$ cat my_file26.csv   # CSV, C-alpha atoms
chain,number,residue,atom,x,y,z
K,1,MET,CA,16.3,-14.8,25.8
K,2,GLN,CA,12.6,-15.1,26.3
K,3,LYS,CA,10.3,-18.1,25.8
K,4,LEU,CA,6.9,-16.9,24.4
K,5,GLN,CA,3.6,-18.3,23.2
K,6,ILE,CA,2.3,-16.6,20.1
K,7,ILE,CA,-1.5,-15.9,20.3
K,8,GLU,CA,-2.3,-13.8,17.2
K,9,ILE,CA,-0.9,-11.8,14.3
K,10,ASP,CA,-1.1,-8.0,14.4
K,11,PRO,CA,-1.9,-5.7,11.4
K,12,LEU,CA,1.9,-5.4,10.8
K,13,GLY,CA,2.3,-9.1,10.3
K,14,GLN,CA,4.0,-9.6,13.7
K,15,GLY,CA,3.3,-12.4,16.1
K,16,VAL,CA,1.9,-11.2,19.4
K,17,ALA,CA,2.6,-12.7,22.8
K,18,LYS,CA,1.7,-11.7,26.4
K,19,GLU,CA,3.7,-12.5,29.4
K,20,ASN,CA,3.6,-11.1,33.0
K,21,GLY,CA,1.5,-8.2,32.0
K,22,GLU,CA,3.7,-7.2,29.1
K,23,ILE,CA,3.2,-7.5,25.4
K,24,PHE,CA,5.7,-8.8,22.8
K,25,PHE,CA,5.8,-8.4,19.1
K,26,ILE,CA,7.9,-11.0,17.2
K,27,PRO,CA,8.0,-11.1,13.4
K,28,LYS,CA,8.2,-14.3,11.4
K,29,THR,CA,6.1,-16.3,13.9
K,30,LEU,CA,2.6,-17.8,13.7
K,31,PRO,CA,-0.3,-18.3,16.2
K,32,GLY,CA,0.1,-21.4,18.4
K,33,GLU,CA,3.9,-21.4,18.2
K,34,THR,CA,6.2,-21.5,21.2
K,35,VAL,CA,9.4,-19.5,20.4
K,36,ASP,CA,12.6,-18.2,21.9
K,37,ALA,CA,13.0,-14.5,21.1
K,38,GLU,CA,15.5,-11.8,21.9
K,39,VAL,CA,14.1,-8.4,23.0
K,40,PHE,CA,16.0,-5.6,21.3
K,41,LYS,CA,13.7,-2.7,22.2
K,42,LYS,CA,11.4,-2.1,25.2
K,43,ALA,CA,9.2,0.8,26.2
K,44,ARG,CA,6.4,1.0,28.8
K,45,GLY,CA,5.6,-2.7,28.9
K,46,VAL,CA,5.8,-3.1,25.1
K,47,ASN,CA,8.6,-5.3,23.8
K,48,PHE,CA,10.0,-5.7,20.3
K,49,ALA,CA,11.8,-9.0,19.8
K,50,LYS,CA,13.6,-11.0,17.1
K,51,LEU,CA,12.9,-14.6,16.6
K,52,VAL,CA,15.8,-16.9,17.6
K,53,SER,CA,14.2,-20.3,17.3
K,54,VAL,CA,10.9,-22.1,17.2
K,55,GLU,CA,10.4,-24.7,19.9
K,56,LYS,CA,6.8,-25.7,18.9
K,57,LYS,CA,5.9,-25.1,15.2
K,58,SER,CA,2.5,-24.3,13.8
K,59,ASP,CA,1.1,-26.8,11.3
K,60,GLU,CA,0.8,-23.7,9.0
K,61,ARG,CA,4.5,-23.1,9.0
K,62,ILE,CA,6.4,-23.8,5.7
K,63,GLU,CA,9.9,-23.2,4.6
K,64,SER,CA,10.3,-19.8,2.8
K,65,GLU,CA,11.4,-19.9,-0.8
K,66,CYS,CA,13.5,-16.8,-0.2
K,67,GLU,CA,16.9,-17.4,1.5
K,68,HIS,CA,16.8,-13.9,3.0
K,69,PHE,CA,13.4,-14.1,4.6
K,70,ASN,CA,14.4,-14.8,8.2
K,71,GLU,CA,16.6,-11.6,8.4
K,72,CYS,CA,14.9,-9.4,5.8
K,73,PRO,CA,12.3,-6.8,6.8
K,74,GLY,CA,10.8,-6.7,3.3
K,75,CYS,CA,8.4,-9.7,3.5
K,76,ASN,CA,6.2,-10.9,6.4
K,77,PHE,CA,4.4,-14.0,5.5
K,78,LEU,CA,6.6,-16.3,3.4
K,79,HIS,CA,6.8,-18.8,6.3
K,80,THR,CA,3.2,-19.8,5.7
K,81,SER,CA,0.9,-20.5,2.8
K,82,TYR,CA,-0.6,-17.8,0.6
K,83,ALA,CA,-4.1,-18.9,1.6
K,84,ASN,CA,-3.2,-18.4,5.3
K,85,GLU,CA,-1.6,-15.0,4.5
K,86,ILE,CA,-4.9,-13.9,2.9
K,87,GLU,CA,-6.8,-14.9,6.0
K,88,PHE,CA,-4.4,-12.9,8.2
K,89,LYS,CA,-5.0,-9.8,6.0
K,90,LYS,CA,-8.7,-10.3,6.0
K,91,LYS,CA,-8.9,-10.6,9.8
K,92,SER,CA,-6.8,-7.4,10.0
K,93,LEU,CA,-9.2,-5.5,7.8
K,94,GLU,CA,-12.2,-6.9,9.7
K,95,LYS,CA,-10.7,-5.7,12.9
K,96,ILE,CA,-10.2,-2.2,11.5
K,97,PHE,CA,-13.9,-2.0,10.5
K,98,ARG,CA,-15.2,-3.9,13.5
K,99,LYS,CA,-17.5,-1.1,14.6
K,100,TRP,CA,-19.3,-1.0,11.2
K,101,GLU,CA,-22.3,-3.0,10.4
K,102,ASN,CA,-22.8,-5.6,7.7
K,103,ILE,CA,-19.1,-6.1,6.9
K,104,ASN,CA,-18.6,-8.7,4.2
K,105,ILE,CA,-15.1,-8.5,2.8
K,106,GLU,CA,-14.5,-9.7,-0.7
K,107,THR,CA,-11.0,-10.7,-1.6
K,108,ILE,CA,-9.1,-10.5,-4.9
K,109,GLN,CA,-5.9,-12.6,-4.7
K,110,ALA,CA,-2.7,-12.4,-6.7
K,111,ASP,CA,-1.8,-15.0,-9.2
K,112,GLN,CA,1.8,-14.9,-8.2
K,113,ARG,CA,3.3,-14.3,-4.8
K,114,LEU,CA,6.9,-13.6,-5.9
K,115,HIS,CA,8.6,-11.7,-8.8
K,116,TYR,CA,5.9,-9.0,-9.1
K,117,ARG,CA,7.5,-5.7,-8.1
K,118,ASN,CA,8.6,-3.4,-10.9
K,119,ARG,CA,10.3,-1.1,-8.4
K,120,ILE,CA,12.5,-1.6,-5.3
K,121,GLN,CA,14.4,0.8,-3.1
K,122,LEU,CA,17.7,-0.2,-1.5
K,123,HIS,CA,19.6,1.6,1.2
K,124,TYR,CA,23.4,1.8,1.3
K,125,ASN,CA,26.2,2.7,3.6
K,126,LYS,CA,29.5,3.2,1.7
K,127,ASP,CA,31.8,3.1,4.8
K,128,GLU,CA,30.3,-0.2,5.9
K,129,LYS,CA,30.0,-1.5,2.3
K,130,LEU,CA,26.4,-2.5,2.9
K,131,LEU,CA,23.5,-2.4,0.4
K,132,GLY,CA,20.0,-3.8,1.0
K,133,PHE,CA,16.7,-3.3,2.7
K,134,TYR,CA,16.7,-1.2,5.9
K,135,SER,CA,15.2,-2.7,9.0
K,136,VAL,CA,13.7,0.2,10.9
K,137,ALA,CA,13.1,-2.0,14.0
K,138,GLU,CA,16.8,-3.1,14.2
K,139,GLN,CA,18.2,0.0,12.5
K,140,ARG,CA,20.4,-1.9,10.2
K,141,ILE,CA,20.8,-2.7,6.5
K,142,VAL,CA,20.1,-6.3,5.5
K,143,PRO,CA,21.8,-7.4,2.2
K,144,VAL,CA,19.5,-9.1,-0.3
K,145,PRO,CA,21.5,-10.2,-3.3
K,146,HIS,CA,19.0,-13.0,-4.1
K,147,CYS,CA,15.7,-11.2,-3.3
K,148,LEU,CA,12.7,-12.8,-5.0
K,149,ILE,CA,10.1,-10.1,-4.6
K,150,ALA,CA,10.9,-8.1,-7.8
K,151,GLU,CA,10.3,-8.7,-11.5
K,152,GLN,CA,13.0,-10.7,-13.2
K,153,ALA,CA,14.5,-7.8,-15.1
K,154,VAL,CA,14.8,-5.8,-11.9
K,155,LEU,CA,16.4,-8.8,-10.1
K,156,GLU,CA,19.0,-9.1,-12.9
K,157,LYS,CA,20.0,-5.5,-12.3
K,158,LEU,CA,20.1,-6.2,-8.5
K,159,LYS,CA,22.5,-9.0,-9.1
K,160,GLU,CA,24.7,-6.7,-11.2
K,161,LEU,CA,24.9,-4.2,-8.4
K,162,TYR,CA,26.0,-6.9,-5.9
K,163,THR,CA,28.5,-8.6,-8.2
K,164,ASP,CA,32.0,-7.5,-7.0
K,165,ASP,CA,30.3,-4.6,-5.1
K,166,ASN,CA,29.6,-2.8,-8.4
K,167,TRP,CA,27.2,-0.5,-6.7
K,168,LEU,CA,30.1,1.2,-4.9
K,169,ASN,CA,31.6,2.2,-8.3
K,170,LEU,CA,28.3,4.0,-9.1
K,171,LEU,CA,28.4,6.1,-6.0
K,172,ASN,CA,31.7,8.0,-6.3
K,173,ARG,CA,30.0,11.4,-6.1
K,174,GLU,CA,27.1,10.3,-3.9
K,175,LYS,CA,26.8,10.9,-0.1
K,176,PRO,CA,28.1,8.2,2.3
K,177,ILE,CA,24.6,7.0,3.3
K,178,GLY,CA,21.6,7.0,1.0
K,179,HIS,CA,19.4,4.9,-1.2
K,180,ILE,CA,19.3,3.5,-4.7
K,181,GLU,CA,16.1,2.8,-6.6
K,182,ILE,CA,15.8,0.2,-9.3
K,183,TYR,CA,12.7,0.5,-11.4
K,184,LEU,CA,11.2,-0.8,-14.7
K,185,LYS,CA,9.7,1.8,-17.0
K,186,ASN,CA,8.7,1.3,-20.6
K,187,GLY,CA,10.5,-2.0,-20.7
K,188,GLU,CA,13.8,-0.6,-19.5
K,189,VAL,CA,15.4,-1.0,-16.1
K,190,LYS,CA,16.7,2.2,-14.7
K,191,LEU,CA,18.5,3.4,-11.5
K,192,SER,CA,18.1,6.6,-9.5
K,193,PHE,CA,20.3,7.7,-6.6
K,194,ASN,CA,19.1,9.6,-3.5
K,195,SER,CA,16.0,10.9,-5.3
K,196,GLN,CA,12.4,10.9,-4.0
K,197,TYR,CA,10.6,7.7,-4.2
K,198,ALA,CA,9.1,7.0,-7.7
K,199,GLU,CA,11.2,9.8,-9.2
K,200,SER,CA,10.1,9.0,-12.7
K,201,GLY,CA,6.4,9.3,-11.7
K,202,PHE,CA,4.3,7.2,-9.4
K,203,SER,CA,3.0,3.9,-10.6
K,204,GLN,CA,1.6,0.8,-8.9
K,205,VAL,CA,4.4,-1.7,-8.1
K,206,ASN,CA,2.4,-4.7,-9.2
K,207,GLN,CA,1.2,-4.3,-12.8
K,208,GLU,CA,-0.8,-7.5,-12.9
K,209,MET,CA,-2.8,-6.6,-9.7
K,210,ASN,CA,-3.1,-3.0,-10.8
K,211,GLU,CA,-5.0,-4.2,-13.9
K,212,LYS,CA,-7.3,-6.1,-11.6
K,213,LEU,CA,-7.8,-2.9,-9.5
K,214,VAL,CA,-8.5,-0.9,-12.6
K,215,ALA,CA,-11.0,-3.5,-13.8
K,216,LEU,CA,-12.8,-3.5,-10.4
K,217,VAL,CA,-13.0,0.3,-10.4
K,218,THR,CA,-14.2,0.4,-14.0
K,219,ARG,CA,-16.8,-2.2,-13.5
K,220,THR,CA,-18.1,-0.5,-10.3
K,221,ILE,CA,-18.4,2.9,-11.9
K,222,GLN,CA,-20.1,1.5,-15.0
K,223,ASP,CA,-22.6,-0.4,-12.8
K,224,LYS,CA,-23.4,2.6,-10.5
K,225,LEU,CA,-23.5,5.4,-13.1
K,226,VAL,CA,-26.3,4.4,-15.4
K,227,GLY,CA,-27.8,7.8,-15.9
K,228,GLU,CA,-25.6,10.9,-15.7
K,229,LYS,CA,-21.9,9.9,-15.8
K,230,LYS,CA,-20.0,12.6,-14.0
K,231,LEU,CA,-17.2,11.9,-11.6
K,232,ILE,CA,-14.4,13.6,-9.7
K,233,ASP,CA,-11.1,11.7,-9.3
K,234,LEU,CA,-9.0,13.0,-6.4
K,235,PHE,CA,-5.3,12.2,-6.4
K,236,GLY,CA,-6.0,10.8,-9.9
K,237,GLY,CA,-2.7,12.1,-11.4
K,238,SER,CA,-2.2,9.9,-14.5
K,239,GLY,CA,-5.9,8.8,-14.7
K,240,ASN,CA,-4.8,5.2,-13.9
K,241,LEU,CA,-8.1,4.2,-12.3
K,242,THR,CA,-10.3,5.8,-14.9
K,243,LYS,CA,-8.3,5.0,-18.1
K,244,GLU,CA,-10.7,2.3,-19.1
K,245,LEU,CA,-13.8,4.4,-19.0
K,246,SER,CA,-15.3,5.6,-22.3
K,247,GLU,CA,-15.9,9.2,-23.3
K,248,ASP,CA,-19.5,8.8,-22.0
K,249,PHE,CA,-18.0,9.6,-18.6
K,250,VAL,CA,-17.0,13.2,-17.8
K,251,ILE,CA,-14.0,13.1,-15.5
K,252,ASP,CA,-12.6,15.9,-13.4
K,253,CYS,CA,-9.2,14.7,-12.2
K,254,VAL,CA,-7.5,16.6,-9.3
K,255,ASP,CA,-3.9,16.2,-8.3
K,256,VAL,CA,-0.7,18.2,-7.8
K,257,PHE,CA,1.3,16.0,-10.1
K,258,LYS,CA,0.3,15.5,-13.7
K,259,GLN,CA,1.4,12.6,-15.8
K,260,PRO,CA,0.4,11.6,-19.3
K,261,THR,CA,-3.4,11.6,-19.3
K,262,PRO,CA,-5.8,9.1,-21.0
K,263,ASN,CA,-7.0,9.7,-24.5
K,264,ASN,CA,-10.4,10.9,-23.4
K,265,LYS,CA,-11.7,14.3,-24.6
K,266,ASN,CA,-13.9,14.4,-21.4
K,267,PHE,CA,-10.9,14.0,-19.1
K,268,TYR,CA,-10.1,17.3,-17.4
K,269,PHE,CA,-7.0,17.7,-15.2
K,270,HIS,CA,-6.9,20.3,-12.4
K,271,LYS,CA,-3.5,20.9,-10.9
K,272,ILE,CA,-4.4,21.5,-7.2
K,273,ASP,CA,-2.6,20.6,-4.0
K,274,LEU,CA,-5.4,18.7,-2.2
K,275,TYR,CA,-3.8,19.1,1.2
K,276,LYS,CA,-4.0,22.9,1.2
K,277,ASP,CA,-7.0,24.3,3.1
K,278,GLU,CA,-8.1,26.4,0.1
K,279,SER,CA,-8.0,23.5,-2.4
K,280,LEU,CA,-11.8,22.8,-2.4
K,281,THR,CA,-12.7,26.5,-2.7
K,282,TYR,CA,-10.3,26.8,-5.7
K,283,PHE,CA,-11.7,23.7,-7.4
K,284,LEU,CA,-15.3,24.9,-7.0
K,285,GLN,CA,-14.5,28.4,-8.3
K,286,LYS,CA,-12.7,26.9,-11.3
K,287,THR,CA,-15.2,24.3,-12.3
K,288,LYS,CA,-18.6,25.7,-10.9
K,289,ILE,CA,-19.5,22.1,-10.0
K,290,GLU,CA,-22.3,21.8,-7.5
K,291,LYS,CA,-23.2,18.1,-8.0
K,292,THR,CA,-21.3,14.9,-9.2
K,293,ASN,CA,-22.5,11.4,-9.5
K,294,LEU,CA,-19.4,9.8,-8.0
K,295,LEU,CA,-16.4,11.0,-5.9
K,296,MET,CA,-13.4,8.8,-6.1
K,297,LEU,CA,-10.1,9.2,-4.2
K,298,ASP,CA,-6.9,7.2,-3.9
K,299,PRO,CA,-4.8,9.3,-1.4
K,300,PRO,CA,-1.3,8.5,0.0
K,301,ARG,CA,-1.1,6.6,3.3
K,302,SER,CA,-1.8,9.7,5.3
K,303,GLY,CA,-5.4,9.6,4.0
K,304,PHE,CA,-7.6,12.7,3.3
K,305,LYS,CA,-9.0,14.6,6.2
K,306,PHE,CA,-11.1,16.9,4.0
K,307,LEU,CA,-13.4,14.1,2.7
K,308,MET,CA,-16.5,15.3,4.4
K,309,ASP,CA,-16.0,18.9,3.1
K,310,TRP,CA,-15.8,17.6,-0.5
K,311,CYS,CA,-18.9,15.4,0.0
K,312,ASP,CA,-20.9,18.3,1.4
K,313,ASN,CA,-20.0,20.5,-1.5
K,314,VAL,CA,-20.0,18.3,-4.6
K,315,ASN,CA,-22.8,16.0,-3.3
K,316,PRO,CA,-21.8,12.7,-4.8
K,317,ASP,CA,-24.3,9.8,-5.0
K,318,TYR,CA,-21.4,7.4,-4.4
K,319,VAL,CA,-18.0,7.6,-2.8
K,320,LEU,CA,-15.3,5.2,-4.1
K,321,TYR,CA,-12.3,5.1,-1.8
K,322,VAL,CA,-9.1,3.3,-2.7
K,323,SER,CA,-6.3,3.0,-0.2
K,324,CYS,CA,-3.1,1.1,0.8
K,325,ASP,CA,-3.7,2.1,4.4
K,326,PRO,CA,-7.0,0.8,5.8
K,327,GLN,CA,-6.5,2.5,9.1
K,328,THR,CA,-6.5,6.1,7.7
K,329,MET,CA,-9.2,5.0,5.2
K,330,GLN,CA,-11.5,3.9,8.0
K,331,ARG,CA,-10.8,7.1,9.9
K,332,ASP,CA,-11.7,9.2,6.9
K,333,LEU,CA,-14.9,7.3,6.0
K,334,GLU,CA,-16.1,7.6,9.6
K,335,GLN,CA,-16.6,11.3,8.7
K,336,ILE,CA,-19.4,10.5,6.2
K,337,ARG,CA,-20.8,7.4,7.8
K,338,GLY,CA,-24.0,9.2,8.9
K,339,GLN,CA,-24.6,10.4,5.3
K,340,TYR,CA,-23.5,7.3,3.4
K,341,SER,CA,-24.0,3.5,3.8
K,342,LEU,CA,-21.4,0.9,3.1
K,343,GLU,CA,-22.2,-1.1,-0.1
K,344,LYS,CA,-19.0,-3.0,-0.6
K,345,ILE,CA,-15.5,-3.6,0.8
K,346,VAL,CA,-12.8,-5.4,-1.2
K,347,LEU,CA,-9.4,-6.5,-0.2
K,348,LEU,CA,-7.2,-6.6,-3.2
K,349,ASP,CA,-3.8,-8.2,-2.6
K,350,LEU,CA,-1.4,-5.8,-4.4
K,351,PHE,CA,1.5,-6.7,-2.2
K,352,PRO,CA,1.8,-10.5,-1.7
K,353,GLY,CA,4.2,-11.7,1.0
K,354,THR,CA,3.9,-8.5,3.0
K,355,TYR,CA,1.4,-7.2,5.5
K,356,HIS,CA,0.3,-4.5,3.0
K,357,PHE,CA,-2.7,-4.7,0.8
K,358,GLU,CA,-5.1,-2.4,-1.2
K,359,THR,CA,-8.6,-1.8,0.0
K,360,VAL,CA,-11.5,-0.6,-2.1
K,361,VAL,CA,-14.7,0.7,-0.4
K,362,ILE,CA,-17.9,1.8,-2.2
K,363,MET,CA,-20.4,3.9,-0.2
K,364,LYS,CA,-23.9,5.2,-1.3
K,365,ARG,CA,-25.6,8.3,-0.1
K,366,LEU,CA,-28.5,7.6,2.2
K,367,THR,CA,-31.9,8.4,0.8
K,368,ILE,CA,-33.5,11.2,2.8
K,369,SER,CA,-37.3,11.0,2.9

$ encode --input "my_file26.csv" --output "structure tokens"
Amino acid sequence: MQKLQIIEIDPLGQGVAKENGEIFFIPKTLPGETVDAEVFKKARGVNFAKLVSVEKKSDERIESECEHFNECPGCNFLHTSYANEIEFKKKSLEKIFRKWENINIETIQADQRLHYRNRIQLHYNKDEKLLGFYSVAEQRIVPVPHCLIAEQAVLEKLKELYTDDNWLNLLNREKPIGHIEIYLKNGEVKLSFNSQYAESGFSQVNQEMNEKLVALVTRTIQDKLVGEKKLIDLFGGSGNLTKELSEDFVIDCVDVFKQPTPNNKNFYFHKIDLYKDESLTYFLQKTKIEKTNLLMLDPPRSGFKFLMDWCDNVNPDYVLYVSCDPQTMQRDLEQIRGQYSLEKIVLLDLFPGTYHFETVVIMKRLTIS
């Protein structure tokens, strides 16, 4: 057992403590708290610990509404107010962009902190009769029969799975260890077993906040593109972020997965794997585009290392980058920082209760005299 003083919160929502030249990461804690923690993993002076008890509580600590919070790896901030959670996220984003000038982060908060996810993924172990969220840190499955993070219809299905271990009856032909996904699509709750995440097609897990994201992107594009209205949408798939734009806008959407596209005659889909080295060359040969007004991208967490190549070849006046991983986003934007200036950075809280959030950055090409 180790007694520790929490000094700050890291980007993963963990409390940070320093003792005798070593660093400790303890989830479910807050700055200013003195806690007893049990170290379960250690490597080169870095310790990962589990909270055992709080000796001195922060004034910001509250009782979590979810009974699973203390053990569950799914949420990170339900032991403090939502306002405080937003401050932690904002500080995390400021730290990531600390080397940039004129950083002024706008925030768009969620109207509800719980009951918002339209999709959850559960891990199972048939031999141990365990179903729940998987803690990577502790390498164990945490049962969550009364989880509060998902939409009500999804939670009802979750309860059905746990009742009398019904989930075991559904897995007769499935492998001993795997995962179950519960998702809401077109008003119907469905299950998938041991399939890739978002098997039925990717969609944002928070519909209400996705609408705010779409509104932000739509408003930004309409404000910036007042003359020519041509844009390229990388990783655009279903056209989610451009679906509210009128037919005044010519949209070239690029992705490897195509879903139902918007009803816009000027929406053109190009099936291209953007992570292949020849993807840009193929796109340019196919479209003959030499100039666009705006380049938009919403890549996976891994980011997009070819951003500069695209900017150099399609010459956008603006770059609009949407990401759920601000670390890889900042890394990518650093490529074009000498050619573009930062106009706006927005933190949109798509994942309340967790350390995750969506970031939107708008950059403008520098005028060359």

$ closest_residue --input "my_file26.csv" --among "K:Glu55, K:Leu93, K:Leu231, K:Gly15" --to "Lys3 in chain K" --atoms "all atoms listed in the file"
K:Glu55

$ closest_residue --input "my_file26.csv" --among "K:Phe97, K:Tyr82, K:Phe40, K:Tyr116" --to "Gln327 in chain K" --atoms "only C-alpha atoms"
K:Phe97

$ atom_distance --input "my_file26.csv" --atom1 "CA of Arg140 in chain K" --atom2 "CA of Pro31 in chain K"
27.1 Å

$ closest_atom_pairs --input "my_file26.csv" --of "range 152-184 of chain K" --to "range 128-139 of chain K" --cutoff "9 Å" --atoms "all atoms listed in the file" --output "JSON lines"
{"residue": "K:Tyr162", "atom": "CA", "partner": "K:Leu131", "partner_atom": "CA", "distance": 8.1}
{"residue": "K:Asp165", "atom": "CA", "partner": "K:Lys129", "partner_atom": "CA", "distance": 8.0}
{"residue": "K:Trp167", "atom": "CA", "partner": "K:Leu131", "partner_atom": "CA", "distance": 8.2}
{"residue": "K:Leu168", "atom": "CA", "partner": "K:Lys129", "partner_atom": "CA", "distance": 7.7}
{"residue": "K:His179", "atom": "CA", "partner": "K:Leu131", "partner_atom": "CA", "distance": 8.5}
{"residue": "K:Ile180", "atom": "CA", "partner": "K:Leu131", "partner_atom": "CA", "distance": 8.9}

$ closest_residue --input "my_file26.csv" --among "K:Leu241, K:Leu284, K:Ile345, K:Ile96" --to "Asp298 in chain K" --atoms "all atoms listed in the file"
K:Leu241

$ atom_distance --input "my_file26.csv" --atom1 "CA of Leu297 in chain K" --atom2 "CA of Ala83 in chain K"
29.3 Å

$ atom_distance --input "my_file26.csv" --atom1 "CA of Val254 in chain K" --atom2 "CA of Ser192 in chain K"
27.5 Å

$ closest_residue --input "my_file26.csv" --among "K:Leu12, K:Asp36, K:Gly74, K:Phe25" --to "Gly353 in chain K" --atoms "all atoms listed in the file"
K:Gly74

$ closest_residue --input "my_file26.csv" --among "K:Asn194, K:Thr80, K:Val46, K:Phe88" --to "Glu8 in chain K" --atoms "all atoms listed in the file"
K:Phe88

$ closest_residue --input "my_file26.csv" --among "K:Asn70, K:Asn47, K:Gln5, K:Gln339" --to "Glu22 in chain K" --atoms "only C-alpha atoms"
K:Asn47

$ residues_around --input "my_file26.csv" --residues "Pro11 in chain K" --least-positions-apart "4" --cutoff "12 Å" --atoms "all atoms listed in the file" --output "list in words"
Gly15, Val16, Phe25, Pro27, Asn76, Phe77, Glu85, Glu87, Phe88, Lys89, Lys90, Lys91, Ser92, Leu93, Glu94, Lys95, Ile96, Asp325, Pro326, Gln327, Thr354, Tyr355, His356 and Phe357 of chain K

$ residues_near_point --input "my_file26.csv" --point "(-17.5, 4.6, 14.9)" --cutoff "7 Å" --atoms "only C-alpha atoms" --output "list of chain:residue names"
K:Lys99, K:Trp100, K:Glu334

$ residues_around --input "my_file26.csv" --residues "Glu358 in chain K" --least-positions-apart "5" --cutoff "9 Å" --atoms "all atoms listed in the file" --output "list in words"
Leu213, Val322, Ser323, Cys324, Asp325, Pro326, Val346, Leu347, Leu348, Asp349, Leu350 and Phe351 of chain K

$ residues_near_point --input "my_file26.csv" --point "(9.7, -23.8, 14.4)" --cutoff "9 Å" --atoms "only C-alpha atoms" --output "list in words"
Thr29, Glu33, Thr34, Val35, Ser53, Val54, Glu55, Lys56, Lys57, Ser58 and Arg61 of chain K

$ write_last_selection --input "my_file26.csv" --atoms "C-alpha atoms" --output "compact mmCIF listing (two decimals), in the coordinates of the input"
# COMPACT_ATOMS: atom_id res chain seq x y z
CA THR K 29 6.10 -16.30 13.90
CA GLU K 33 3.90 -21.40 18.20
CA THR K 34 6.20 -21.50 21.20
CA VAL K 35 9.40 -19.50 20.40
CA SER K 53 14.20 -20.30 17.30
CA VAL K 54 10.90 -22.10 17.20
CA GLU K 55 10.40 -24.70 19.90
CA LYS K 56 6.80 -25.70 18.90
CA LYS K 57 5.90 -25.10 15.20
CA SER K 58 2.50 -24.30 13.80
CA ARG K 61 4.50 -23.10 9.00

$ residues_around --input "my_file26.csv" --residues "Leu333 in chain K" --least-positions-apart "6" --cutoff "10 Å" --atoms "all atoms listed in the file" --output "MDAnalysis selection string"
chainID K and resid 303:305 307:308 319 321 340 342 361 363

$ write_last_selection --input "my_file26.csv" --atoms "C-alpha atoms" --output "CSV table (one decimal), in the coordinates of the input"
chain,number,residue,atom,x,y,z
K,303,GLY,CA,-5.4,9.6,4.0
K,304,PHE,CA,-7.6,12.7,3.3
K,305,LYS,CA,-9.0,14.6,6.2
K,307,LEU,CA,-13.4,14.1,2.7
K,308,MET,CA,-16.5,15.3,4.4
K,319,VAL,CA,-18.0,7.6,-2.8
K,321,TYR,CA,-12.3,5.1,-1.8
K,340,TYR,CA,-23.5,7.3,3.4
K,342,LEU,CA,-21.4,0.9,3.1
K,361,VAL,CA,-14.7,0.7,-0.4
K,363,MET,CA,-20.4,3.9,-0.2

$ residues_around --input "my_file26.csv" --residues "Lys258 in chain K" --least-positions-apart "5" --cutoff "8 Å" --atoms "all atoms listed in the file" --output "MDAnalysis selection string"
chainID K and resid 237:238 269 271
